[in-house]
>>> print(open('final.tsv').read())   # TSV, C-alpha atoms and all ligand atoms
chain	number	residue	atom	x	y	z
A	1	MET	CA	-27.51	13.11	-22.53
A	2	GLU	CA	-30.26	11.05	-24.12
A	3	ARG	CA	-33.62	12.55	-23.26
A	4	ILE	CA	-36.58	10.37	-22.36
A	5	TYR	CA	-40.09	11.44	-23.28
A	6	LEU	CA	-42.74	10.38	-20.78
A	7	ASP	CA	-45.29	13.12	-21.47
A	8	ASN	CA	-47.41	11.40	-24.11
A	9	ALA	CA	-50.71	12.61	-22.65
A	10	ALA	CA	-49.55	16.13	-23.57
A	11	THR	CA	-48.69	15.13	-27.10
A	12	THR	CA	-47.06	12.29	-29.01
A	13	GLN	CA	-44.34	11.84	-31.56
A	14	LEU	CA	-45.48	11.45	-35.18
A	15	ASP	CA	-45.56	7.86	-36.39
A	16	PRO	CA	-43.24	7.30	-39.40
A	17	GLU	CA	-46.16	5.67	-41.27
A	18	VAL	CA	-48.18	8.83	-40.68
A	19	ILE	CA	-45.37	11.02	-42.00
A	20	GLU	CA	-45.24	8.80	-45.08
A	21	ALA	CA	-48.98	9.25	-45.65
A	22	MET	CA	-48.66	13.04	-45.32
A	23	LEU	CA	-45.87	13.45	-47.87
A	24	PRO	CA	-47.89	13.28	-51.12
A	25	TYR	CA	-50.19	15.97	-49.69
A	26	MET	CA	-47.16	18.18	-49.05
A	27	HIS	CA	-45.82	17.69	-52.56
A	28	GLU	CA	-48.12	16.93	-55.45
A	29	ILE	CA	-51.66	16.93	-53.97
A	30	TYR	CA	-52.01	20.58	-53.12
A	31	GLY	CA	-55.25	21.55	-54.84
A	32	ASN	CA	-58.03	23.31	-52.97
A	33	PRO	CA	-60.56	20.57	-52.19
A	34	SER	CA	-63.41	22.95	-53.04
A	35	ALA	CA	-62.09	23.44	-56.60
A	36	VAL	CA	-63.76	21.49	-59.39
A	37	HIS	CA	-60.60	20.80	-61.42
A	38	ALA	CA	-58.51	17.65	-61.15
A	39	PHE	CA	-56.13	19.17	-58.55
A	40	GLY	CA	-59.07	19.99	-56.31
A	41	ARG	CA	-60.79	16.66	-56.88
A	42	LYS	CA	-57.69	14.76	-55.87
A	43	ALA	CA	-57.45	16.69	-52.60
A	44	ARG	CA	-61.18	16.21	-51.99
A	45	ALA	CA	-60.79	12.46	-52.55
A	46	GLY	CA	-58.08	12.38	-49.83
A	47	ILE	CA	-60.39	14.05	-47.34
A	48	GLU	CA	-63.36	11.84	-48.10
A	49	GLN	CA	-61.24	8.73	-47.93
A	50	ALA	CA	-60.00	9.87	-44.52
A	51	ARG	CA	-63.57	10.47	-43.37
A	52	ARG	CA	-64.60	6.99	-44.49
A	53	MET	CA	-61.66	5.45	-42.62
A	54	VAL	CA	-62.57	7.26	-39.38
A	55	ALA	CA	-66.25	6.30	-39.78
A	56	LYS	CA	-65.38	2.66	-40.45
A	57	LEU	CA	-63.20	2.45	-37.34
A	58	LEU	CA	-65.92	4.00	-35.16
A	59	HIS	CA	-68.88	2.22	-36.76
A	60	CYS	CA	-70.68	5.37	-37.75
A	61	ALA	CA	-71.63	7.10	-41.01
A	62	PRO	CA	-69.00	9.29	-42.76
A	63	GLY	CA	-71.51	12.16	-42.71
A	64	GLU	CA	-71.41	12.10	-38.91
A	65	ILE	CA	-67.71	13.14	-38.82
A	66	VAL	CA	-66.71	16.82	-39.00
A	67	PHE	CA	-62.98	17.55	-39.12
A	68	THR	CA	-61.88	20.40	-36.85
A	69	SER	CA	-58.66	22.21	-36.00
A	70	CYS	CA	-58.23	20.38	-32.67
A	71	GLY	CA	-59.96	18.64	-29.81
A	72	THR	CA	-60.71	21.96	-28.13
A	73	GLU	CA	-62.66	23.20	-31.14
A	74	ALA	CA	-64.63	19.95	-31.32
A	75	ASP	CA	-65.53	20.19	-27.60
A	76	ASN	CA	-66.60	23.82	-28.02
A	77	MET	CA	-68.70	23.00	-31.07
A	78	ALA	CA	-70.54	20.13	-29.38
A	79	ILE	CA	-71.37	21.92	-26.15
A	80	LEU	CA	-72.11	25.40	-27.48
A	81	GLY	CA	-74.06	23.88	-30.39
A	82	ALA	CA	-76.19	21.71	-28.12
A	83	VAL	CA	-77.12	24.76	-26.04
A	84	ARG	CA	-77.64	27.18	-28.91
A	85	ASP	CA	-79.28	24.85	-31.46
A	86	LEU	CA	-80.78	21.87	-29.67
A	87	GLY	CA	-82.65	23.55	-26.84
A	88	VAL	CA	-80.32	22.44	-24.03
A	89	LYS	CA	-80.95	24.37	-20.81
A	90	HIS	CA	-78.90	22.32	-18.36
A	91	VAL	CA	-75.35	21.06	-18.74
A	92	ILE	CA	-74.14	18.32	-16.41
A	93	THR	CA	-70.38	18.03	-16.35
A	94	SER	CA	-67.55	17.32	-13.92
A	95	PRO	CA	-65.02	19.56	-12.21
A	96	ILE	CA	-62.16	17.50	-13.67
A	97	GLU	CA	-62.93	17.90	-17.35
A	98	HIS	CA	-60.18	19.31	-19.57
A	99	HIS	CA	-60.33	23.11	-19.83
A	100	ALA	CA	-61.68	22.63	-23.38
A	101	VAL	CA	-64.92	21.53	-21.69
A	102	GLU	CA	-64.67	23.12	-18.24
A	103	HIS	CA	-64.12	26.64	-19.56
A	104	VAL	CA	-66.99	26.28	-22.04
A	105	ALA	CA	-69.27	25.28	-19.17
A	106	GLN	CA	-68.05	28.27	-17.14
A	107	GLU	CA	-68.70	30.53	-20.11
A	108	LEU	CA	-72.28	29.22	-20.33
A	109	GLU	CA	-72.70	29.97	-16.63
A	110	ARG	CA	-71.35	33.48	-17.15
A	111	THR	CA	-73.66	34.23	-20.09
A	112	LYS	CA	-76.55	32.40	-18.39
A	113	GLU	CA	-77.19	30.49	-21.61
A	114	ALA	CA	-77.48	27.31	-19.57
A	115	GLU	CA	-77.44	26.21	-15.96
A	116	VAL	CA	-74.38	24.10	-15.21
A	117	HIS	CA	-74.46	21.25	-12.69
A	118	TRP	CA	-71.09	19.97	-11.45
A	119	ILE	CA	-71.31	16.27	-10.79
A	120	ARG	CA	-69.81	14.62	-7.71
A	121	LEU	CA	-66.80	12.41	-8.19
A	122	THR	CA	-65.96	9.01	-6.77
A	123	PRO	CA	-62.69	8.77	-4.81
A	124	GLU	CA	-61.12	7.27	-7.99
A	125	GLY	CA	-61.97	10.35	-10.05
A	126	LYS	CA	-64.94	8.96	-11.96
A	127	ALA	CA	-68.37	10.54	-12.34
A	128	ASP	CA	-70.69	9.46	-9.53
A	129	LEU	CA	-73.48	7.72	-11.45
A	130	ALA	CA	-75.99	7.92	-8.58
A	131	HIS	CA	-75.55	11.69	-8.57
A	132	LEU	CA	-75.84	11.75	-12.36
A	133	GLU	CA	-79.18	9.96	-12.15
A	134	GLU	CA	-80.38	12.36	-9.44
A	135	LEU	CA	-79.49	15.33	-11.65
A	136	LEU	CA	-81.04	13.77	-14.76
A	137	LYS	CA	-84.28	13.07	-12.84
A	138	ALA	CA	-84.47	16.66	-11.65
A	139	HIS	CA	-83.95	18.46	-14.99
A	140	GLU	CA	-85.13	18.47	-18.58
A	141	HIS	CA	-83.38	19.61	-21.77
A	142	VAL	CA	-80.02	18.31	-20.57
A	143	LEU	CA	-76.61	17.82	-22.14
A	144	VAL	CA	-74.24	15.57	-20.20
A	145	SER	CA	-70.58	16.24	-20.98
A	146	LEU	CA	-68.25	13.71	-19.34
A	147	MET	CA	-64.85	12.69	-20.59
A	148	HIS	CA	-63.96	9.09	-21.28
A	149	ALA	CA	-60.61	9.18	-19.46
A	150	ASN	CA	-59.09	12.00	-17.50
A	151	ASN	CA	-55.90	13.38	-19.03
A	152	GLU	CA	-54.16	13.89	-15.69
A	153	LEU	CA	-55.30	10.88	-13.69
A	154	GLY	CA	-56.24	8.28	-16.27
A	155	SER	CA	-59.52	7.57	-14.39
A	156	ARG	CA	-62.00	6.22	-16.90
A	157	ASN	CA	-65.76	6.71	-17.02
A	158	ASP	CA	-68.11	3.95	-18.20
A	159	LEU	CA	-69.50	5.37	-21.45
A	160	MET	CA	-72.15	2.67	-21.82
A	161	ALA	CA	-73.50	3.25	-18.31
A	162	ILE	CA	-73.52	7.05	-18.67
A	163	GLY	CA	-74.99	6.95	-22.18
A	164	SER	CA	-77.71	4.54	-21.09
A	165	LEU	CA	-78.71	6.86	-18.24
A	166	CYS	CA	-78.79	9.75	-20.72
A	167	ARG	CA	-81.08	7.77	-23.03
A	168	LYS	CA	-83.33	6.81	-20.10
A	169	TYR	CA	-83.82	10.47	-19.19
A	170	ASN	CA	-83.85	11.81	-22.73
A	171	ALA	CA	-80.61	13.77	-22.33
A	172	LEU	CA	-77.92	14.36	-24.94
A	173	PHE	CA	-74.47	12.90	-24.22
A	174	HIS	CA	-71.13	14.42	-25.24
A	175	THR	CA	-67.89	12.67	-24.36
A	176	ASP	CA	-64.34	13.95	-24.78
A	177	THR	CA	-62.37	10.92	-25.98
A	178	VAL	CA	-59.21	12.89	-26.73
A	179	GLN	CA	-57.10	10.72	-24.40
A	180	THR	CA	-58.62	7.38	-25.35
A	181	MET	CA	-59.07	7.53	-29.13
A	182	GLY	CA	-56.65	5.06	-30.68
A	183	HIS	CA	-56.28	3.25	-27.33
A	184	TYR	CA	-59.76	1.74	-26.94
A	185	ARG	CA	-62.29	0.60	-29.52
A	186	PHE	CA	-65.51	2.58	-29.92
A	187	ASP	CA	-68.57	1.08	-31.56
A	188	LEU	CA	-70.91	3.99	-32.09
A	189	GLU	CA	-73.66	1.67	-33.31
A	190	GLN	CA	-73.79	0.26	-29.78
A	191	LEU	CA	-72.68	3.17	-27.61
A	192	PRO	CA	-75.44	5.68	-26.71
A	193	ILE	CA	-73.32	8.74	-27.54
A	194	ASP	CA	-74.45	11.87	-29.40
A	195	PHE	CA	-71.17	13.80	-29.59
A	196	LEU	CA	-67.62	12.52	-29.34
A	197	THR	CA	-64.40	14.49	-29.75
A	198	CYS	CA	-60.92	13.55	-30.90
A	199	SER	CA	-57.49	15.11	-31.44
A	200	ALA	CA	-54.88	13.51	-33.71
A	201	HIS	CA	-51.76	14.58	-31.83
A	202	LYS	CA	-52.56	12.30	-28.88
A	203	PHE	CA	-52.10	9.12	-30.94
A	204	HIS	CA	-49.08	9.89	-33.13
A	205	GLY	CA	-50.87	12.13	-35.61
A	206	PRO	CA	-50.05	15.81	-36.14
A	207	LYS	CA	-51.10	18.77	-34.01
A	208	GLY	CA	-53.86	21.05	-35.27
A	209	VAL	CA	-56.42	18.50	-36.43
A	210	GLY	CA	-59.26	16.66	-34.75
A	211	PHE	CA	-62.86	15.78	-35.33
A	212	LEU	CA	-66.32	15.92	-33.86
A	213	TYR	CA	-68.63	12.95	-34.23
A	214	MET	CA	-72.21	14.17	-34.29
A	215	ARG	CA	-74.88	11.51	-34.29
A	216	ASN	CA	-77.42	11.91	-37.08
A	217	GLY	CA	-80.32	13.70	-35.47
A	218	ALA	CA	-78.14	15.67	-33.05
A	219	VAL	CA	-76.73	18.11	-35.56
A	220	VAL	CA	-75.66	21.59	-34.48
A	221	HIS	CA	-74.82	24.69	-36.47
A	222	PRO	CA	-71.22	25.43	-37.37
A	223	LEU	CA	-69.02	27.17	-34.83
A	224	ILE	CA	-66.84	28.63	-37.59
A	225	VAL	CA	-68.86	30.22	-40.37
A	226	GLY	CA	-67.73	31.37	-43.78
A	227	GLY	CA	-67.37	28.83	-46.57
A	228	ALA	CA	-69.32	25.65	-47.23
A	229	GLN	CA	-66.52	23.26	-46.33
A	230	GLU	CA	-67.12	20.12	-44.29
A	231	ARG	CA	-70.62	19.87	-45.75
A	232	ASN	CA	-71.46	23.29	-44.36
A	233	MET	CA	-70.47	22.25	-40.85
A	234	ARG	CA	-67.07	23.94	-40.52
A	235	ALA	CA	-65.95	26.79	-42.73
A	236	GLY	CA	-62.34	27.28	-43.80
A	237	THR	CA	-60.15	25.55	-46.35
A	238	GLU	CA	-59.52	22.09	-44.99
A	239	ASN	CA	-56.24	21.04	-43.38
A	240	ILE	CA	-55.82	18.25	-45.93
A	241	ILE	CA	-52.39	17.14	-44.75
A	242	GLY	CA	-53.64	16.95	-41.17
A	243	ILE	CA	-56.90	15.20	-42.03
A	244	VAL	CA	-55.18	12.51	-44.09
A	245	ALA	CA	-52.64	12.08	-41.29
A	246	LEU	CA	-55.34	11.80	-38.62
A	247	ALA	CA	-57.02	8.97	-40.51
A	248	LYS	CA	-53.68	7.20	-41.02
A	249	ALA	CA	-52.79	7.59	-37.35
A	250	MET	CA	-56.15	6.05	-36.40
A	251	GLU	CA	-55.75	3.22	-38.86
A	252	VAL	CA	-52.30	2.38	-37.47
A	253	ALA	CA	-53.44	2.74	-33.85
A	254	TYR	CA	-56.37	0.34	-34.29
A	255	ARG	CA	-54.40	-2.10	-36.43
A	256	ASP	CA	-51.77	-2.50	-33.69
A	257	LEU	CA	-53.94	-1.75	-30.65
A	258	ASP	CA	-53.69	-5.07	-28.82
A	259	ALA	CA	-49.90	-5.29	-29.03
A	260	HIS	CA	-49.46	-1.66	-27.98
A	261	HIS	CA	-51.96	-1.98	-25.16
A	262	ALA	CA	-50.02	-4.92	-23.72
A	263	HIS	CA	-46.65	-3.16	-24.16
A	264	ILE	CA	-47.75	0.13	-22.61
A	265	GLN	CA	-49.67	-1.52	-19.77
A	266	ALA	CA	-46.51	-3.47	-18.88
A	267	LEU	CA	-44.49	-0.22	-18.79
A	268	LYS	CA	-47.07	1.41	-16.55
A	269	ASP	CA	-47.18	-1.59	-14.18
A	270	ARG	CA	-43.38	-1.67	-14.05
A	271	MET	CA	-43.09	1.99	-13.21
A	272	ARG	CA	-45.85	1.89	-10.62
A	273	ALA	CA	-44.28	-1.02	-8.77
A	274	LYS	CA	-40.81	0.54	-8.85
A	275	VAL	CA	-41.83	4.05	-7.78
A	276	LEU	CA	-44.12	2.91	-4.97
A	277	LYS	CA	-41.16	0.94	-3.62
A	278	ALA	CA	-38.53	3.62	-4.26
A	279	VAL	CA	-40.29	6.73	-2.94
A	280	PRO	CA	-41.51	6.45	0.65
A	281	GLY	CA	-45.12	7.54	1.14
A	282	SER	CA	-45.90	7.66	-2.58
A	283	THR	CA	-49.45	6.86	-3.70
A	284	ILE	CA	-51.38	6.73	-6.97
A	285	ASN	CA	-53.59	9.69	-7.87
A	286	GLY	CA	-56.93	8.68	-9.35
A	287	ASP	CA	-57.91	5.11	-10.03
A	288	PRO	CA	-55.24	2.56	-9.02
A	289	SER	CA	-57.16	-0.30	-10.67
A	290	PRO	CA	-56.31	-1.86	-14.05
A	291	ASP	CA	-59.45	-0.19	-15.42
A	292	SER	CA	-57.57	3.11	-15.53
A	293	LEU	CA	-56.25	4.47	-18.86
A	294	TYR	CA	-53.08	2.47	-19.50
A	295	THR	CA	-51.06	5.35	-20.92
A	296	VAL	CA	-51.29	7.55	-17.80
A	297	LEU	CA	-49.73	7.13	-14.35
A	298	ASN	CA	-49.96	9.88	-11.76
A	299	PHE	CA	-48.19	9.79	-8.39
A	300	HIS	CA	-48.53	11.82	-5.24
A	301	PHE	CA	-45.55	12.32	-2.97
A	302	PRO	CA	-46.06	13.69	0.53
A	303	ASP	CA	-44.92	17.26	1.09
A	304	ASP	CA	-41.23	17.17	1.85
A	305	GLY	CA	-40.25	20.58	0.55
A	306	LYS	CA	-38.90	19.26	-2.74
A	307	GLY	CA	-42.12	18.86	-4.66
A	308	GLU	CA	-42.25	22.27	-6.26
A	309	MET	CA	-39.13	21.82	-8.35
A	310	LEU	CA	-39.72	18.17	-9.14
A	311	ILE	CA	-40.64	18.50	-12.81
A	312	TYR	CA	-37.74	20.91	-13.43
A	313	ASN	CA	-35.26	18.66	-11.68
A	314	MET	CA	-36.46	15.69	-13.72
A	315	ASP	CA	-36.06	17.72	-16.89
A	316	ILE	CA	-32.52	18.74	-15.96
A	317	GLU	CA	-31.76	15.02	-15.72
A	318	GLY	CA	-33.32	14.40	-19.15
A	319	ILE	CA	-36.74	13.07	-18.18
A	320	ALA	CA	-39.79	14.81	-19.65
A	321	CYS	CA	-42.89	14.36	-17.53
A	322	SER	CA	-45.62	16.60	-16.26
A	323	GLY	CA	-47.14	17.92	-13.09
A	324	GLY	CA	-50.44	19.06	-14.46
A	325	SER	CA	-52.57	18.83	-17.56
A	326	ALA	CA	-51.30	18.92	-21.11
A	327	CYS	CA	-51.82	22.65	-21.39
A	328	SER	CA	-49.55	23.33	-18.44
A	329	SER	CA	-47.24	20.49	-19.30
A	330	GLY	CA	-43.81	21.00	-17.81
A	331	SER	CA	-45.15	23.15	-15.06
A	332	ASN	CA	-45.99	21.92	-11.62
A	333	LYS	CA	-48.49	24.65	-10.90
A	334	GLY	CA	-51.79	23.81	-9.29
A	335	SER	CA	-54.02	21.47	-11.19
A	336	HIS	CA	-57.80	21.94	-11.07
A	337	VAL	CA	-58.11	18.17	-11.38
A	338	ILE	CA	-55.94	17.34	-8.37
A	339	GLU	CA	-57.55	20.17	-6.38
A	340	ALA	CA	-61.07	18.87	-7.16
A	341	LEU	CA	-60.25	15.32	-6.15
A	342	TYR	CA	-57.92	16.04	-3.23
A	343	PRO	CA	-58.89	19.50	-1.97
A	344	GLY	CA	-56.30	21.25	0.15
A	345	ARG	CA	-53.84	18.36	0.02
A	346	THR	CA	-50.18	19.34	-0.01
A	347	GLY	CA	-47.26	17.53	-1.62
A	348	ALA	CA	-46.08	16.92	-5.14
A	349	ASN	CA	-47.88	15.31	-8.05
A	350	ILE	CA	-46.16	13.93	-11.08
A	351	ARG	CA	-47.66	12.44	-14.23
A	352	PHE	CA	-45.82	9.99	-16.45
A	353	SER	CA	-47.56	9.12	-19.68
A	354	PHE	CA	-46.39	6.44	-22.07
A	355	SER	CA	-46.54	5.57	-25.73
A	356	LYS	CA	-45.69	2.60	-27.91
A	357	PHE	CA	-42.26	4.16	-28.49
A	358	ASN	CA	-41.22	3.94	-24.82
A	359	THR	CA	-39.11	1.08	-23.50
A	360	GLU	CA	-38.51	-0.73	-20.20
A	361	ALA	CA	-35.00	0.74	-20.11
A	362	GLU	CA	-36.48	4.24	-20.26
A	363	VAL	CA	-38.84	3.48	-17.40
A	364	ASP	CA	-35.97	2.11	-15.32
A	365	ARG	CA	-33.85	5.18	-15.99
A	366	ALA	CA	-36.75	7.51	-15.13
A	367	VAL	CA	-37.26	5.72	-11.81
A	368	GLU	CA	-33.54	5.94	-11.03
A	369	VAL	CA	-33.60	9.68	-11.70
A	370	LEU	CA	-36.78	10.15	-9.69
A	371	GLU	CA	-35.25	8.33	-6.75
A	372	ARG	CA	-32.18	10.54	-6.94
A	373	VAL	CA	-34.18	13.75	-7.31
A	374	MET	CA	-36.37	12.82	-4.35
A	375	ALA	CA	-33.48	11.73	-2.14
A	376	PRO	CA	-32.91	13.96	0.92
A	377	ALA	CA	-29.31	14.83	-0.05
A	378	ALA	CA	-30.06	15.70	-3.69
A	379	VAL	CA	-28.83	19.07	-4.90
A	380	LYS	CA	-31.74	21.16	-6.11
A	381	VAL	CA	-31.93	24.07	-8.52
B	401	LIG	N1	-59.48	17.14	-24.06
B	401	LIG	C1	-58.56	16.42	-23.39
B	401	LIG	C2	-58.97	15.36	-22.43
B	401	LIG	C3	-57.19	16.68	-23.62
B	401	LIG	O1	-56.27	15.98	-22.95
B	401	LIG	C4	-56.84	17.70	-24.53
B	401	LIG	C5	-55.41	18.03	-24.75
B	401	LIG	O2	-54.62	18.06	-23.83
B	401	LIG	C6	-57.85	18.39	-25.20
B	401	LIG	C7	-59.15	18.08	-24.94
B	401	LIG	C8	-57.53	19.46	-26.18
B	401	LIG	O3	-57.13	18.93	-27.40
B	401	LIG	P1	-56.32	19.87	-28.44
B	401	LIG	O4	-54.96	19.99	-27.91
B	401	LIG	O5	-56.37	19.13	-29.74
B	401	LIG	O6	-57.06	21.15	-28.50
>>> encode(input="final.tsv", output="structure tokens", more="lines below")
Ligand code: PLP
Amino acid sequence: MERIYLDNAATTQLDPEVIEAMLPYMHEIYGNPSAVHAFGRKARAGIEQARRMVAKLLHCAPGEIVFTSCGTEADNMAILGAVRDLGVKHVITSPIEHHAVEHVAQELERTKEAEVHWIRLTPEGKADLAHLEELLKAHEHVLVSLMHANNELGSRNDLMAIGSLCRKYNALFHTDTVQTMGHYRFDLEQLPIDFLTCSAHKFHGPKGVGFLYMRNGAVVHPLIVGGAQERNMRAGTENIIGIVALAKAMEVAYRDLDAHHAHIQALKDRMRAKVLKAVPGSTINGDPSPDSLYTVLNFHFPDDGKGEMLIYNMDIEGIACSGGSACSSGSNKGSHVIEALYPGRTGANIRFSFSKFNTEAEVDRAVEVLERVMAPAAVKV
């Protein structure tokens, strides 16, 4: 059976061009980038070239990019750093952030290092900007942490609108762009953003590498201390192979963005139309408009007693999709995102997420399987 991968919001397949770029750093360029000899200098050059590539694509200075071990680390560093080093007393965030942000906010509540304000959501799963302004008016020394696009729903916040409100009220703004990096262009000269976080494995780079963009003037202390790597911002011998690969993955993603956007959007539209027709009572979770992240499509099916085993039954038939966030990918256990947006609602939720490697034929096959799995007479595990 040929398996079909429709769980690209959880992670993506490495791009062959990225693998190619990694190879020299697995073979001959193995020096420690902190070493002064030629081996070390060559490795250092790879890292700095990668940093310049990332900075060029985001329109920021190379010194504003700190490579990290993942998106989670970058989120932790931004939020904890803003509270511990930049005098932040209030954190405004949403109940549908990824756990990499949500759990940090909960930790700050537990330790009483900051007061956390959970913003109201619109019915589409976006931050309610009127509520944001109310909260910003009422508090000083604020960090706003709101993701660009939600990993489960695809609902997308307006970074310019949120950042402008933050500037108006003198608040810092962190945004988790883990799901949108490589899929949308970011001009950090124009966008009023102080911290932005990225993870390479969401756009065909390897797992275990990401970065934090920290605007000059909003610099925090390192989260990981020890050596002087990353210009004293992140101790530990650098993941050179990963860093070089991240930059290559970004370069490829932005080079081909328009073509891939059109291809993936067409797959999403095709699947949405087919599933809404094929499964009675099905609806879209989150934002049904074209403004939603084009790689993510999340359906709700009314409770018919089959929902619980849906993801497993799809997998048995060779279709990889997800019922919750990336961390609980493959499981259909309760999602804090779905619960926050649709409290108490019963039924099944299923997320399909696409990449440039998916095809129309794969979408058609996935819909066929879904229809069969959801059919009243289907045999269940
Ligand atoms: N933020 C969002 C929105 C994500 O989707 C993820 C991964 O699922 C993360 C953060 C965590 O990134 P990483 O897996 O690199 O730690």
>>> residues_around(input="final.tsv", residues="segment 70-74 of chain A", least_positions_apart="4", cutoff="9 Å", atoms="only C-alpha atoms", output="JSON, numbers by chain")
{"A": [66, 78, 79, 98, 99, 100, 101, 176, 177, 178, 196, 197, 198, 199, 200, 201, 207, 208, 209, 210, 211, 212, 213, 223]}
>>> atom_distance(input="final.tsv", atom1="atom CA of Leu191 of chain A", atom2="atom O2 of ligand LIG 401 (chain B)")
23.7 Å
>>> residues_around(input="final.tsv", residues="segment 34-44 of chain A", least_positions_apart="4", cutoff="10 Å", atoms="all atoms listed in the file", output="PyMOL selection string")
chain A and resi 25+28-30+48-50+227-230+237-238+240-241+244
>>> residues_around(input="final.tsv", residues="Lys356 of chain A", least_positions_apart="4", cutoff="10 Å", atoms="all atoms listed in the file", output="compact mmCIF listing (two decimals) with C-alpha atoms, in the frame of the given file")
# COMPACT_ATOMS: atom_id res chain seq x y z
CA ASN A 8 -47.41 11.40 -24.11
CA THR A 12 -47.06 12.29 -29.01
CA ASP A 15 -45.56 7.86 -36.39
CA PHE A 203 -52.10 9.12 -30.94
CA HIS A 204 -49.08 9.89 -33.13
CA ALA A 253 -53.44 2.74 -33.85
CA ASP A 256 -51.77 -2.50 -33.69
CA LEU A 257 -53.94 -1.75 -30.65
CA ALA A 259 -49.90 -5.29 -29.03
CA HIS A 260 -49.46 -1.66 -27.98
CA HIS A 261 -51.96 -1.98 -25.16
CA ALA A 262 -50.02 -4.92 -23.72
CA HIS A 263 -46.65 -3.16 -24.16
CA ILE A 264 -47.75 0.13 -22.61
CA GLN A 265 -49.67 -1.52 -19.77
CA LEU A 267 -44.49 -0.22 -18.79
CA THR A 295 -51.06 5.35 -20.92
>>> closest_residue(input="final.tsv", among="A:Ala218, A:Leu86, A:Ile92, A:Leu246", to="ligand LIG 401 (chain B)", atoms="all atoms listed in the file")
A:Leu246
>>> residues_around(input="final.tsv", residues="Gly63 of chain A", least_positions_apart="2", cutoff="10 Å", atoms="only C-alpha atoms", output="PyMOL selection string")
chain A and resi 48+51-52+55+60-61+65-66+213-216+230-231
>>> atom_distance(input="final.tsv", atom1="atom CA of Thr93 of chain A", atom2="atom C5 of ligand LIG 401 (chain B)")
17.2 Å
>>> closest_residue(input="final.tsv", among="A:Asp128, A:Glu2, A:Glu189, A:Glu97", to="ligand LIG 401 (chain B)", atoms="all atoms listed in the file")
A:Glu97
>>> closest_residue(input="final.tsv", among="A:Leu146, A:Ala340, A:Ala161, A:Ala138", to="ligand LIG 401 (chain B)", atoms="all atoms listed in the file")
A:Leu146
>>> atom_distance(input="final.tsv", atom1="atom CA of Ile311 of chain A", atom2="atom C5 of ligand LIG 401 (chain B)")
19.0 Å
>>> closest_residue(input="final.tsv", among="A:Val367, A:Ala127, A:Leu80, A:Val296", to="ligand LIG 401 (chain B)", atoms="only C-alpha atoms and all ligand atoms")
A:Val296
>>> closest_residue(input="final.tsv", among="A:Leu297, A:Leu172, A:Met374, A:Ala149", to="ligand LIG 401 (chain B)", atoms="all atoms listed in the file")
A:Ala149
>>> build_atoms(input="final.tsv", residues="segment 102-110 of chain A", atoms="N, CA, C and O atoms", output="short mmCIF file (atom, residue, chain, number, x, y, z; two decimals), keeping the file's coordinate frame")
data_model
loop_
_atom_site.label_atom_id
_atom_site.label_comp_id
_atom_site.auth_asym_id
_atom_site.auth_seq_id
_atom_site.Cartn_x
_atom_site.Cartn_y
_atom_site.Cartn_z
N GLU A 102 -64.39 22.39 -19.48
CA GLU A 102 -64.67 23.12 -18.24
C GLU A 102 -64.87 24.61 -18.50
O GLU A 102 -65.81 25.22 -17.98
N HIS A 103 -64.00 25.19 -19.32
CA HIS A 103 -64.12 26.64 -19.56
C HIS A 103 -65.34 26.98 -20.42
O HIS A 103 -65.88 28.07 -20.29
N VAL A 104 -65.76 26.05 -21.27
CA VAL A 104 -66.99 26.28 -22.04
C VAL A 104 -68.18 26.29 -21.07
O VAL A 104 -69.06 27.15 -21.15
N ALA A 105 -68.19 25.34 -20.16
CA ALA A 105 -69.27 25.28 -19.17
C ALA A 105 -69.29 26.56 -18.33
O ALA A 105 -70.36 27.14 -18.07
N GLN A 106 -68.11 27.03 -17.93
CA GLN A 106 -68.05 28.27 -17.14
C GLN A 106 -68.54 29.47 -17.94
O GLN A 106 -69.18 30.38 -17.41
N GLU A 107 -68.24 29.45 -19.24
CA GLU A 107 -68.70 30.53 -20.11
C GLU A 107 -70.24 30.51 -20.20
O GLU A 107 -70.89 31.56 -20.19
N LEU A 108 -70.81 29.33 -20.27
CA LEU A 108 -72.28 29.22 -20.33
C LEU A 108 -72.91 29.70 -19.02
O LEU A 108 -73.99 30.30 -19.02
N GLU A 109 -72.21 29.46 -17.92
CA GLU A 109 -72.70 29.97 -16.63
C GLU A 109 -72.65 31.49 -16.62
O GLU A 109 -73.59 32.16 -16.20
N ARG A 110 -71.53 32.02 -17.13
CA ARG A 110 -71.35 33.48 -17.15
C ARG A 110 -72.41 34.16 -18.00
O ARG A 110 -72.99 35.17 -17.61
#
